[in-house]
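Q: Following this line is protein-v2.cif, made up of mmCIF, C-alpha atoms and all ligand atoms:
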data_coords
loop_
_atom_site.label_atom_id
_atom_site.label_comp_id
_atom_site.auth_asym_id
_atom_site.auth_seq_id
_atom_site.Cartn_x
_atom_site.Cartn_y
_atom_site.Cartn_z
CA MET A 1 -30.74 0.18 -5.95
CA ARG A 2 -33.32 2.71 -7.16
CA ILE A 3 -35.89 3.01 -4.40
CA LEU A 4 -39.05 5.09 -4.07
CA VAL A 5 -40.36 5.75 -0.54
CA LEU A 6 -43.93 7.05 -0.18
CA GLY A 7 -44.86 9.15 2.84
CA SER A 8 -43.78 12.23 4.74
CA GLY A 9 -43.31 11.34 8.39
CA ALA A 10 -40.45 10.59 10.76
CA ARG A 11 -41.10 6.91 10.03
CA GLU A 12 -40.32 7.47 6.36
CA HIS A 13 -37.27 9.56 7.28
CA ALA A 14 -36.09 6.68 9.50
CA ILE A 15 -36.55 4.20 6.63
CA ILE A 16 -34.58 6.46 4.30
CA LEU A 17 -31.80 6.99 6.86
CA ALA A 18 -31.49 3.21 7.28
CA LEU A 19 -31.27 2.72 3.50
CA ARG A 20 -28.66 5.47 3.28
CA ALA A 21 -26.58 4.08 6.14
CA GLU A 22 -26.57 0.67 4.47
CA ASP A 23 -25.40 1.92 1.07
CA ALA A 24 -24.70 5.53 0.18
CA GLU A 25 -24.97 4.58 -3.51
CA HIS A 26 -28.73 3.92 -3.43
CA ALA A 27 -30.76 6.37 -5.51
CA ILE A 28 -33.61 7.18 -3.14
CA PHE A 29 -36.70 9.11 -4.21
CA ALA A 30 -39.39 10.29 -1.80
CA ALA A 31 -42.91 11.67 -2.18
CA PRO A 32 -44.05 13.91 -0.67
CA GLY A 33 -41.25 13.92 1.95
CA ASN A 34 -40.39 16.83 4.24
CA ALA A 35 -37.48 19.20 4.88
CA GLY A 36 -35.41 16.54 6.65
CA ILE A 37 -36.07 13.87 4.03
CA ALA A 38 -35.01 16.38 1.36
CA GLU A 39 -31.46 16.19 2.76
CA ASP A 40 -31.31 12.41 2.31
CA ALA A 41 -33.43 11.70 -0.79
CA HIS A 42 -34.63 13.27 -4.02
CA ILE A 43 -38.07 14.76 -3.39
CA VAL A 44 -40.42 14.11 -6.29
CA ASP A 45 -43.66 15.85 -7.13
CA LEU A 46 -45.93 12.84 -6.98
CA ASP A 47 -49.26 12.19 -5.27
CA PRO A 48 -48.57 9.11 -3.09
CA VAL A 49 -52.22 8.03 -3.12
CA ASP A 50 -52.59 8.12 -6.91
CA PRO A 51 -51.90 4.56 -8.17
CA VAL A 52 -51.65 5.60 -11.81
CA ALA A 53 -49.15 8.37 -11.08
CA VAL A 54 -47.01 6.15 -8.84
CA VAL A 55 -46.89 3.34 -11.43
CA GLU A 56 -46.02 5.81 -14.15
CA PHE A 57 -43.21 7.37 -12.09
CA ALA A 58 -41.80 3.99 -11.04
CA GLY A 59 -41.76 2.80 -14.66
CA ARG A 60 -40.21 6.00 -16.01
CA GLU A 61 -37.48 6.10 -13.34
CA SER A 62 -36.73 2.35 -13.43
CA ILE A 63 -37.56 2.04 -9.73
CA GLN A 64 -36.51 -1.37 -8.38
CA LEU A 65 -38.36 -1.22 -5.06
CA VAL A 66 -41.26 0.90 -3.78
CA VAL A 67 -41.64 1.18 0.00
CA ILE A 68 -45.02 2.39 1.21
CA GLY A 69 -44.83 4.16 4.58
CA PRO A 70 -48.35 5.23 5.61
CA GLU A 71 -51.70 3.44 5.31
CA ALA A 72 -53.40 5.87 2.92
CA PRO A 73 -51.60 4.67 -0.26
CA LEU A 74 -52.28 1.05 0.77
CA VAL A 75 -55.99 1.72 1.12
CA ALA A 76 -55.92 3.58 -2.20
CA GLY A 77 -54.63 0.44 -3.95
CA VAL A 78 -51.15 1.74 -4.82
CA ALA A 79 -49.48 -1.59 -3.96
CA ASP A 80 -52.00 -3.51 -6.10
CA ALA A 81 -51.33 -1.27 -9.09
CA LEU A 82 -47.54 -1.67 -8.78
CA ARG A 83 -47.74 -5.43 -8.31
CA THR A 84 -49.94 -5.81 -11.39
CA ARG A 85 -47.14 -4.16 -13.38
CA GLY A 86 -44.48 -6.41 -11.85
CA ILE A 87 -42.81 -3.61 -9.88
CA PRO A 88 -41.55 -4.90 -6.49
CA VAL A 89 -43.43 -3.15 -3.71
CA PHE A 90 -43.19 -3.45 0.06
CA GLY A 91 -46.75 -2.91 1.27
CA PRO A 92 -49.95 -4.97 1.15
CA GLY A 93 -52.75 -4.60 -1.36
CA LYS A 94 -56.02 -2.94 -0.52
CA ALA A 95 -57.73 -6.17 0.54
CA ALA A 96 -55.03 -7.30 2.99
CA ALA A 97 -54.59 -3.75 4.32
CA GLN A 98 -58.07 -4.05 5.80
CA LEU A 99 -56.29 -5.80 8.65
CA GLU A 100 -55.57 -2.24 9.79
CA GLY A 101 -58.41 -0.38 8.13
CA SER A 102 -61.28 -2.45 9.52
CA LYS A 103 -61.31 -3.69 13.09
CA THR A 104 -64.20 -6.02 12.20
CA PHE A 105 -62.12 -7.57 9.41
CA ALA A 106 -59.14 -7.96 11.77
CA LYS A 107 -61.28 -9.64 14.45
CA ARG A 108 -62.73 -12.05 11.89
CA VAL A 109 -59.29 -13.02 10.56
CA MET A 110 -57.95 -13.51 14.10
CA ASP A 111 -60.96 -15.63 14.93
CA ALA A 112 -60.47 -17.80 11.84
CA ALA A 113 -56.73 -18.12 12.54
CA GLY A 114 -57.19 -18.88 16.24
CA VAL A 115 -55.18 -15.83 17.31
CA PRO A 116 -55.73 -14.55 20.88
CA THR A 117 -57.38 -11.13 21.15
CA GLY A 118 -59.86 -9.33 23.40
CA ARG A 119 -63.53 -10.25 23.18
CA ALA A 120 -65.48 -7.65 21.26
CA VAL A 121 -69.07 -6.85 20.33
CA ARG A 122 -70.07 -4.96 17.19
CA ALA A 123 -72.75 -2.47 18.24
CA HIS A 124 -75.10 -0.78 15.78
CA ASN A 125 -76.88 1.62 18.14
CA LEU A 126 -76.66 3.09 21.63
CA ALA A 127 -78.83 0.36 23.13
CA GLU A 128 -76.37 -2.29 21.94
CA VAL A 129 -73.43 -0.20 23.17
CA THR A 130 -75.08 0.15 26.59
CA ALA A 131 -75.63 -3.59 26.82
CA ALA A 132 -72.05 -4.39 25.78
CA LEU A 133 -70.57 -1.87 28.27
CA ALA A 134 -72.57 -3.57 31.02
CA GLU A 135 -71.42 -7.01 29.88
CA PHE A 136 -67.69 -6.20 29.90
CA GLY A 137 -67.70 -3.72 32.84
CA ALA A 138 -65.15 -0.93 33.46
CA PRO A 139 -62.66 0.18 32.25
CA HIS A 140 -64.61 0.64 29.04
CA VAL A 141 -63.06 0.32 25.57
CA VAL A 142 -64.97 1.66 22.53
CA LYS A 143 -63.47 1.73 19.03
CA ALA A 144 -64.52 3.22 15.73
CA ASP A 145 -64.38 0.53 13.05
CA GLY A 146 -62.40 2.35 10.35
CA LEU A 147 -59.21 4.40 10.15
CA ALA A 148 -59.46 7.30 12.60
CA ALA A 149 -55.86 8.54 12.84
CA GLY A 150 -55.50 7.48 16.47
CA LYS A 151 -58.72 9.19 17.53
CA GLY A 152 -61.05 6.24 17.16
CA VAL A 153 -60.34 4.57 20.50
CA ILE A 154 -61.43 5.54 23.99
CA VAL A 155 -60.38 3.72 27.14
CA THR A 156 -62.17 5.15 30.17
CA ASP A 157 -63.77 4.40 33.53
CA ASP A 158 -66.42 6.98 32.73
CA ARG A 159 -69.46 5.23 31.24
CA ALA A 160 -70.97 8.50 30.00
CA ALA A 161 -67.74 9.36 28.14
CA ALA A 162 -67.71 5.89 26.55
CA LEU A 163 -71.31 6.36 25.40
CA ALA A 164 -70.61 9.85 24.04
CA HIS A 165 -67.58 8.51 22.11
CA ALA A 166 -69.73 5.72 20.64
CA GLU A 167 -72.41 8.21 19.64
CA THR A 168 -69.92 10.32 17.65
CA PHE A 169 -68.93 7.38 15.48
CA LEU A 170 -72.27 5.54 15.34
CA ALA A 171 -73.61 8.16 12.98
CA ALA A 172 -71.26 6.76 10.31
CA ALA A 173 -70.86 3.06 11.13
CA PRO A 174 -71.14 0.42 13.87
CA VAL A 175 -68.59 0.61 16.70
CA LEU A 176 -66.73 -2.12 18.58
CA VAL A 177 -67.06 -2.43 22.33
CA GLU A 178 -64.16 -4.44 23.64
CA GLU A 179 -63.10 -6.13 26.84
CA PHE A 180 -60.35 -4.17 28.64
CA LEU A 181 -56.98 -5.90 28.52
CA ALA A 182 -54.56 -5.12 31.35
CA GLY A 183 -50.79 -5.38 30.98
CA PRO A 184 -47.75 -3.83 29.31
CA GLU A 185 -47.96 -3.07 25.58
CA VAL A 186 -45.43 -4.23 23.00
CA SER A 187 -45.13 -3.38 19.31
CA LEU A 188 -43.59 -6.17 17.27
CA PHE A 189 -43.00 -5.83 13.53
CA PHE A 190 -42.85 -8.68 11.02
CA LEU A 191 -41.66 -8.55 7.45
CA SER A 192 -44.03 -10.74 5.43
CA ASP A 193 -43.77 -12.05 1.87
CA GLY A 194 -47.30 -13.42 1.99
CA ASP A 195 -46.23 -16.84 3.25
CA SER A 196 -43.14 -16.51 5.47
CA VAL A 197 -42.43 -13.89 8.12
CA LEU A 198 -39.28 -12.52 9.75
CA PRO A 199 -39.56 -10.66 13.06
CA LEU A 200 -37.79 -7.41 13.92
CA SER A 201 -36.87 -6.37 17.47
CA PRO A 202 -39.68 -5.36 19.88
CA ALA A 203 -40.32 -1.75 20.89
CA GLN A 204 -42.62 0.12 23.21
CA ASP A 205 -44.61 3.17 22.19
CA TYR A 206 -46.04 5.93 24.42
CA LYS A 207 -49.47 6.72 23.02
CA ARG A 208 -50.77 9.31 25.50
CA LEU A 209 -49.86 12.97 25.15
CA ARG A 210 -48.63 13.66 28.67
CA ASP A 211 -46.24 12.21 31.24
CA GLY A 212 -47.55 9.32 33.30
CA ASP A 213 -49.79 8.19 30.42
CA GLU A 214 -52.21 11.07 30.98
CA GLY A 215 -54.05 13.10 28.37
CA PRO A 216 -55.51 12.12 25.02
CA ASN A 217 -54.33 9.33 22.73
CA THR A 218 -51.91 10.48 20.04
CA GLY A 219 -50.10 8.89 17.12
CA GLY A 220 -47.24 8.19 19.56
CA MET A 221 -45.05 10.53 21.65
CA GLY A 222 -41.92 8.42 22.03
CA ALA A 223 -40.54 4.90 22.00
CA TYR A 224 -37.64 2.71 23.03
CA SER A 225 -36.09 -0.57 21.95
CA PRO A 226 -35.20 -3.28 22.93
CA LEU A 227 -37.39 -4.26 25.91
CA PRO A 228 -35.08 -5.68 28.59
CA TRP A 229 -38.00 -6.42 30.94
CA LEU A 230 -39.29 -9.07 28.49
CA SER A 231 -36.51 -11.38 29.70
CA GLY A 232 -37.98 -11.54 33.19
CA ARG A 233 -41.29 -12.76 31.81
CA PHE A 234 -40.23 -15.00 28.94
CA GLY A 235 -36.65 -16.05 29.68
CA ASP A 236 -35.28 -13.89 26.89
CA GLU A 237 -36.41 -11.66 24.05
CA ASP A 238 -36.04 -14.46 21.47
CA ALA A 239 -38.44 -16.70 23.36
CA PHE A 240 -41.04 -13.93 23.34
CA VAL A 241 -40.49 -13.20 19.65
CA ASP A 242 -40.72 -16.93 18.82
CA ALA A 243 -44.04 -17.23 20.63
CA VAL A 244 -45.56 -14.25 18.81
CA THR A 245 -44.23 -15.49 15.47
CA ARG A 246 -45.71 -18.94 15.98
CA ASP A 247 -49.01 -18.05 17.66
CA ILE A 248 -49.88 -14.73 16.03
CA ALA A 249 -47.95 -13.58 12.96
CA LEU A 250 -47.72 -16.84 11.00
CA PRO A 251 -51.34 -17.93 11.57
CA VAL A 252 -52.61 -14.51 10.43
CA VAL A 253 -50.40 -14.40 7.34
CA ARG A 254 -51.36 -17.98 6.41
CA GLN A 255 -55.05 -17.20 6.95
CA LEU A 256 -54.88 -14.16 4.65
CA ASP A 257 -53.04 -16.21 2.05
CA ALA A 258 -55.67 -18.94 2.21
CA GLU A 259 -58.36 -16.29 1.65
CA GLY A 260 -56.60 -15.17 -1.53
CA THR A 261 -55.45 -11.85 -0.07
CA PRO A 262 -51.75 -12.40 0.71
CA PHE A 263 -50.15 -9.88 3.06
CA ILE A 264 -46.89 -8.62 1.57
CA GLY A 265 -45.32 -5.89 3.65
CA LEU A 266 -45.01 -4.97 7.30
CA LEU A 267 -47.30 -6.71 9.75
CA TYR A 268 -47.35 -4.62 12.91
CA ALA A 269 -48.65 -6.56 15.89
CA GLY A 270 -49.84 -4.31 18.74
CA LEU A 271 -49.82 -6.64 21.75
CA ILE A 272 -50.83 -6.58 25.40
CA LEU A 273 -49.11 -9.01 27.75
CA THR A 274 -52.00 -10.02 30.00
CA ASP A 275 -51.91 -12.45 32.89
CA ALA A 276 -53.79 -14.83 30.58
CA GLY A 277 -51.15 -14.62 27.84
CA ILE A 278 -50.16 -12.43 24.91
CA LYS A 279 -53.15 -10.84 23.17
CA VAL A 280 -53.49 -8.70 20.06
CA ILE A 281 -55.00 -5.23 20.50
CA GLU A 282 -54.59 -4.25 16.89
CA PHE A 283 -52.75 -4.93 13.67
CA ASN A 284 -51.34 -2.28 11.41
CA ALA A 285 -50.36 -2.89 7.82
CA ARG A 286 -47.26 -0.65 7.90
CA PHE A 287 -44.28 0.28 10.03
CA GLY A 288 -45.22 1.93 13.34
CA ASP A 289 -44.42 5.54 14.06
CA PRO A 290 -42.44 6.30 16.28
CA GLU A 291 -41.32 2.69 16.93
CA THR A 292 -39.56 2.46 13.55
CA GLN A 293 -37.27 5.29 14.63
CA VAL A 294 -35.84 3.10 17.42
CA VAL A 295 -35.97 -0.29 15.68
CA LEU A 296 -34.26 0.47 12.36
CA PRO A 297 -31.14 2.19 13.78
CA ARG A 298 -30.40 -1.09 15.64
CA LEU A 299 -30.87 -3.29 12.54
CA LEU A 300 -27.59 -4.81 11.32
CA ASP A 301 -28.92 -6.48 8.13
CA PRO A 302 -29.24 -4.37 4.97
CA LEU A 303 -32.82 -3.06 5.03
CA SER A 304 -33.18 -2.86 1.24
CA GLU A 305 -32.39 -6.58 0.89
CA LEU A 306 -34.95 -7.52 3.51
CA LEU A 307 -37.68 -5.36 1.98
CA LEU A 308 -36.92 -6.61 -1.53
CA ALA A 309 -36.91 -10.24 -0.35
CA ALA A 310 -40.36 -9.68 1.20
CA ALA A 311 -41.62 -7.93 -1.93
CA SER A 312 -40.43 -10.81 -4.13
CA GLY A 313 -41.56 -13.81 -2.05
CA ARG A 314 -38.04 -14.80 -0.95
CA LEU A 315 -38.08 -14.31 2.82
CA GLU A 316 -37.90 -18.02 3.57
CA GLU A 317 -34.31 -18.09 2.27
CA ARG A 318 -33.16 -15.48 4.78
CA PRO A 319 -32.03 -15.86 8.38
CA ARG A 320 -33.72 -13.84 11.10
CA PRO A 321 -32.53 -10.20 11.08
CA VAL A 322 -29.91 -9.31 13.68
CA PHE A 323 -29.93 -6.24 15.92
CA ALA A 324 -27.11 -4.36 17.60
CA GLU A 325 -26.85 -4.66 21.38
CA VAL A 326 -27.42 -0.95 21.85
CA THR A 327 -30.35 0.89 23.36
CA ALA A 328 -32.42 3.37 21.39
CA VAL A 329 -34.77 6.06 22.71
CA THR A 330 -36.83 8.49 20.67
CA VAL A 331 -38.77 11.53 21.89
CA VAL A 332 -41.33 13.29 19.71
CA LEU A 333 -41.55 17.07 19.57
CA ALA A 334 -45.15 18.08 18.86
CA SER A 335 -46.77 21.42 18.09
CA GLU A 336 -48.89 23.38 20.54
CA GLY A 337 -52.47 22.13 20.39
CA TYR A 338 -51.56 18.61 19.20
CA PRO A 339 -53.42 16.27 18.80
CA ASP A 340 -56.72 18.19 18.55
CA ALA A 341 -55.73 21.40 16.77
CA PRO A 342 -52.00 21.76 16.15
CA VAL A 343 -50.68 25.27 15.59
CA THR A 344 -48.51 25.24 12.47
CA GLY A 345 -46.15 27.60 10.67
CA ARG A 346 -43.94 28.43 13.65
CA PRO A 347 -40.14 28.68 13.34
CA LEU A 348 -38.09 25.68 14.39
CA GLU A 349 -34.57 26.36 15.63
CA GLY A 350 -31.60 24.66 17.26
CA LEU A 351 -31.61 21.48 15.17
CA ASP A 352 -27.90 21.60 14.38
CA ALA A 353 -27.04 21.93 18.06
CA ALA A 354 -29.35 19.02 18.87
CA ALA A 355 -27.75 16.77 16.25
CA GLU A 356 -24.31 17.49 17.75
CA VAL A 357 -25.14 15.51 20.88
CA ASP A 358 -23.25 12.19 20.85
CA GLY A 359 -25.29 9.29 19.49
CA VAL A 360 -28.17 11.54 18.39
CA HIS A 361 -29.82 12.04 15.04
CA LEU A 362 -33.07 13.70 14.02
CA ALA A 363 -35.96 12.23 12.06
CA HIS A 364 -38.22 14.90 10.62
CA ALA A 365 -41.98 14.54 10.53
CA ALA A 366 -43.73 17.81 9.71
CA THR A 367 -41.12 20.33 8.67
CA ALA A 368 -40.67 22.64 5.70
CA ARG A 369 -37.90 24.96 4.65
CA THR A 370 -38.78 28.60 3.93
CA ASP A 371 -36.59 31.57 3.03
CA ASP A 372 -36.48 32.38 6.75
CA GLY A 373 -35.53 28.90 7.88
CA LEU A 374 -37.33 25.78 9.05
CA ILE A 375 -40.96 25.82 10.16
CA ALA A 376 -43.24 23.24 11.76
CA THR A 377 -46.07 22.22 9.47
CA GLY A 378 -48.07 19.71 11.50
CA GLY A 379 -48.80 17.98 14.80
CA ARG A 380 -45.81 15.70 15.31
CA VAL A 381 -42.90 17.83 14.12
CA LEU A 382 -39.80 15.73 14.56
CA ASN A 383 -38.14 13.00 16.59
CA VAL A 384 -34.83 13.11 18.37
CA VAL A 385 -33.38 9.60 18.26
CA ALA A 386 -30.59 8.67 20.66
CA LEU A 387 -28.51 5.51 20.83
CA GLY A 388 -26.51 4.54 23.90
CA THR A 389 -24.86 1.63 25.63
CA THR A 390 -27.45 1.86 28.42
CA PHE A 391 -30.95 3.28 28.56
CA ARG A 392 -29.73 5.88 31.04
CA GLU A 393 -27.22 7.11 28.46
CA ALA A 394 -29.64 7.04 25.50
CA ARG A 395 -32.28 8.85 27.53
CA GLU A 396 -29.89 11.57 28.73
CA ARG A 397 -28.72 12.11 25.17
CA ALA A 398 -32.26 12.32 23.79
CA TYR A 399 -33.31 14.89 26.39
CA ASP A 400 -30.10 16.88 26.07
CA ALA A 401 -30.83 17.10 22.33
CA ILE A 402 -34.51 18.01 22.56
CA ASP A 403 -33.74 20.75 25.10
CA ARG A 404 -31.61 22.43 22.43
CA ILE A 405 -34.54 22.73 20.02
CA ARG A 406 -36.79 25.78 20.09
CA LEU A 407 -40.42 25.70 18.94
CA GLU A 408 -42.88 28.11 20.53
CA GLY A 409 -45.54 26.09 22.37
CA GLY A 410 -43.75 22.83 21.54
CA GLN A 411 -44.72 19.81 23.66
CA HIS A 412 -42.86 16.63 24.52
CA ARG A 413 -43.04 13.96 27.19
CA THR A 414 -40.25 13.91 29.77
CA ASP A 415 -40.72 10.30 30.87
CA ILE A 416 -39.91 8.28 27.73
CA ALA A 417 -37.99 5.15 28.79
CA ALA A 418 -37.82 6.42 32.39
CA ARG A 419 -39.21 3.17 33.82
CA VAL A 420 -36.79 1.06 31.84
CA VAL A 421 -33.84 2.96 33.33
CA GLU A 422 -35.04 1.90 36.77
CA HIS A 423 -35.51 -1.68 35.58
P1 LIG B 501 -55.70 0.97 18.97
O1 LIG B 501 -56.01 2.12 18.08
O2 LIG B 501 -56.61 -0.20 18.83
O3 LIG B 501 -54.26 0.61 18.97
O4 LIG B 501 -55.88 1.51 20.45
C1 LIG B 501 -55.12 2.61 20.92
C2 LIG B 501 -54.67 2.35 22.33
O5 LIG B 501 -55.80 2.14 23.19
C3 LIG B 501 -53.84 1.08 22.49
O6 LIG B 501 -52.51 1.26 22.22
C4 LIG B 501 -54.08 0.74 23.94
O7 LIG B 501 -53.24 1.53 24.77
C5 LIG B 501 -55.48 1.15 24.16
N1 LIG B 501 -56.37 0.00 23.97
C6 LIG B 501 -56.99 -0.39 22.85
N2 LIG B 501 -57.71 -1.50 23.05
C7 LIG B 501 -57.57 -1.83 24.33
C8 LIG B 501 -58.09 -2.88 25.16
N3 LIG B 501 -58.93 -3.80 24.69
N4 LIG B 501 -57.70 -2.90 26.45
C9 LIG B 501 -56.88 -1.96 26.95
N5 LIG B 501 -56.36 -0.94 26.24
C10 LIG B 501 -56.71 -0.87 24.95
N1 LIG B 502 -47.19 3.94 17.04
C1 LIG B 502 -48.50 3.60 16.69
C2 LIG B 502 -48.74 3.43 15.26
O1 LIG B 502 -47.86 3.55 14.43
O2 LIG B 502 -49.87 3.15 14.92
#
Would you give me this structure, written as structure tokens?

A:
Amino acid sequence: MRILVLGSGAREHAIILALRAEDAEHAIFAAPGNAGIAEDAHIVDLDPVDPVAVVEFAGRESIQLVVIGPEAPLVAGVADALRTRGIPVFGPGKAAAQLEGSKTFAKRVMDAAGVPTGRAVRAHNLAEVTAALAEFGAPHVVKADGLAAGKGVIVTDDRAAALAHAETFLAAAPVLVEEFLAGPEVSLFFLSDGDSVLPLSPAQDYKRLRDGDEGPNTGGMGAYSPLPWLSGRFGDEDAFVDAVTRDIALPVVRQLDAEGTPFIGLLYAGLILTDAGIKVIEFNARFGDPETQVVLPRLLDPLSELLLAAASGRLEERPRPVFAEVTAVTVVLASEGYPDAPVTGRPLEGLDAAAEVDGVHLAHAATARTDDGLIATGGRVLNVVALGTTFREARERAYDAIDRIRLEGGQHRTDIAARVVEH
């Protein structure tokens, strides 16, 4: 198949590696890509957020499937433009992508679909924020309404910090003050063709920068899959996945369809398992990063067939995807200063030695090749991904590999999947 993948992160590298593993004959194109993706796909000079350019390229190169990795091309209407031309695309149109882009939109859809989520108040000024903070009590949760690259949310016991956060974003738009939801977090992905959904295997993401869930929120510092502790709560993983499919994913997809904005692509449900049941914290309209890096290596079905079936309204015909009974752990290597002000341009060494560790591969995020070798070009630089028969093994492999990589000032968490080893 001739496939175009838009995006440049470790998520996109993971998607491309899964497509490659499934069939080495695929012709895979990527824009803009990175130094790691360049080893596994043809990099093309194409602006991923320019709908006209993407349609033109896809037509010229007889692309049979476009996979949109990040949210920016979705919001720019790239999927709409491709769909209008009859080119199969995995990724929702602009209207349905608001499920991620606008927290107000997401809350309204959940409300209409009867999907459980935290109570929230839309506040237009500091007086309304103050009143809502008092109503819900501590810990306080304040969210910017639009896309904020992981920086829009604060969860804090400090009322003054919550107010200051609200003030920063109020200048532009109303903010949401939300009830705090306590419990473990789960990321569960669904392939959607606009009407039917198929679940993937659950994963857990580590959003805070430092060990012990300290420090600022980030895009994600590591992840593991599957989640063995789900069995204790729900009987088994399938029972949990069935409940989320029935009570959350299907109602939302059906609601969007009924509103004339079908969701075709990846529905990412960010969930908190509270004592009062499973609740949605957020939806994303794309694969999660870094969760994708631990979910896709376990997938046994051919990814291209699943994505194409979703893009062409044929998911109903397919059985639920099957996952290998292996454990997967990924650890993110980030640049000094991430997430606030990452230092870029520094040499990156030791990758070959890292990839030699049994069961380990690398997914690149922000890397470029220069005459002098590889350099880091952004905040999250790369992921080591390790598979194992147990979490202890996968974790040891991941940390053995990351310790072989040299990046001045590089940061990574040392506790990814540590709790699950004890489980
Ligand atoms: P979001 O951008 O909405 O995913 O929020 C980022 C992170 O903030 C989530 O992954 C949670 O860890 C935390 N968070 C967001 N909303 C809540 C909430 N209502 N209660 C507790 N934690 C939350
Ligand atoms: N891992 C969080 C996200 O992709 O939004």

Q: Any residue with an atom at most 7 Å from ligand LIG 502 (chain B) counts, using all atoms listed in the file. Which are they? Put them as a CSV table (one decimal) with C-alpha atoms, in the coordinates of the input.

A:
chain,number,residue,atom,x,y,z
A,205,ASP,CA,-44.6,3.2,22.2
A,207,LYS,CA,-49.5,6.7,23.0
A,219,GLY,CA,-50.1,8.9,17.1
A,220,GLY,CA,-47.2,8.2,19.6
A,284,ASN,CA,-51.3,-2.3,11.4
A,287,PHE,CA,-44.3,0.3,10.0
A,288,GLY,CA,-45.2,1.9,13.3
A,289,ASP,CA,-44.4,5.5,14.1
A,290,PRO,CA,-42.4,6.3,16.3
A,291,GLU,CA,-41.3,2.7,16.9

Q: Quick one, how far is atom CA of A:Leu209 from atom CA of A:Ala341?

A: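 It comes out at 13.3 Å.
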
Q: Please report the interatomic distance between atom CA of A:Gly359 and atom CA of A:Arg298 in Å with one decimal.

A: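 So the answer is 12.2 Å.
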
Q: Please check which residues have atoms at most 9 Å from (-43.6, -11.7, 2.5) in the file's coordinates, counting all atoms listed in the file, and write them as a PyMOL selection string.

A: chain A and resi 90+191-198+253+262-266+307+309-316

Q: Within 6 Å of ligand LIG 501 (chain B), counting only C-alpha atoms and all ligand atoms: which residues, as a list in words?

A: Gly118, Val141, Gly150, Val153, Glu178, Glu179, Phe180, Leu181, Ala182, Ile281 and Glu282 of chain A

Q: Report the distance between atom CA of A:Leu273 and atom CA of A:Phe240 in Å, rounded to one decimal place.

A: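 The value is 10.4 Å.
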
Q: Any idea what's packed within 10 Å of A:Val49, counting all atoms listed in the file, ignoring anything in its chain fewer than 5 positions away? Could you give it as a count of residues only?

A: 12

Q: I need the residue nearest A:Asp257 from this list: A:Val109, A:Ala355, A:Ile405, A:Ala285. Use only C-alpha atoms for the distance.

A: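 Nearest candidate to A:Asp257 out of A:Val109, A:Ala355, A:Ile405, A:Ala285: A:Val109.
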
Q: I want to know what sits within 12 Å of A:Thr377, based on all atoms listed in the file, with residues of the same chain fewer than 6 positions away left out; could you give that as a PyMOL selection string?

A: chain A and resi 8-9+34-35+334-336+338+342-348+364-370+407

Q: Which polymer residues have any atom within 12 Å of an atom of A:Ala144, counting all atoms listed in the file, with same-chain residues fewer than 3 positions away left out, as number ranges by chain?

A: A: 101-104, 121-124, 141, 147-154, 162, 165-178

Q: So, with only C-alpha atoms as the atoms that count, which of A:Val241, A:Gly410, A:Ala203, A:Pro226 lies closest to A:Thr389?

A: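 So, comparing all the options, the nearest one is A:Pro226.
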
Q: Which one of A:Ala79, A:Ile278, A:Ala418, A:Val5 sits closest to A:Ala95 if you count all atoms listed in the file?

A: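 Smallest distance to A:Ala95 is found for A:Ala79.
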
Q: Name the closest residue to A:Pro116 among the candidates A:Val381, A:Ile248, A:Asp301, A:Ile416; distances are taken between atoms, counting only C-alpha atoms.

A: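 Smallest separation from A:Pro116 among the options: A:Ile248.
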
Q: Compare A:Pro32, A:Lys107, A:Val294, A:Asp40 by their minimum atom-to-atom distance to A:His13, counting all atoms listed in the file, and give me the closest one.

A: A:Asp40

Q: Of the residues A:Leu188, A:Ile63, A:Val421, A:Ala127, which is the one nearest to A:Gly270, using only C-alpha atoms?

A: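 Of all the options, A:Leu188 lies closest to A:Gly270.
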
Q: Skipping near chain neighbours, those fewer than 4 positions away, what residues fall within 8 Å of A:Ala138 using all atoms listed in the file, listed as a ChimeraX atom specification?

A: /A:133,156-157,159,180

Q: Can you tell me, as a PyMOL selection string, what residues are no more than 12 Å from A:Leu303 when counting all atoms listed in the file, ignoring any on the same chain fewer than 2 positions away?

A: chain A and resi 1+3+14-23+26+65+67+90+191+200+295-301+305-310+321-323
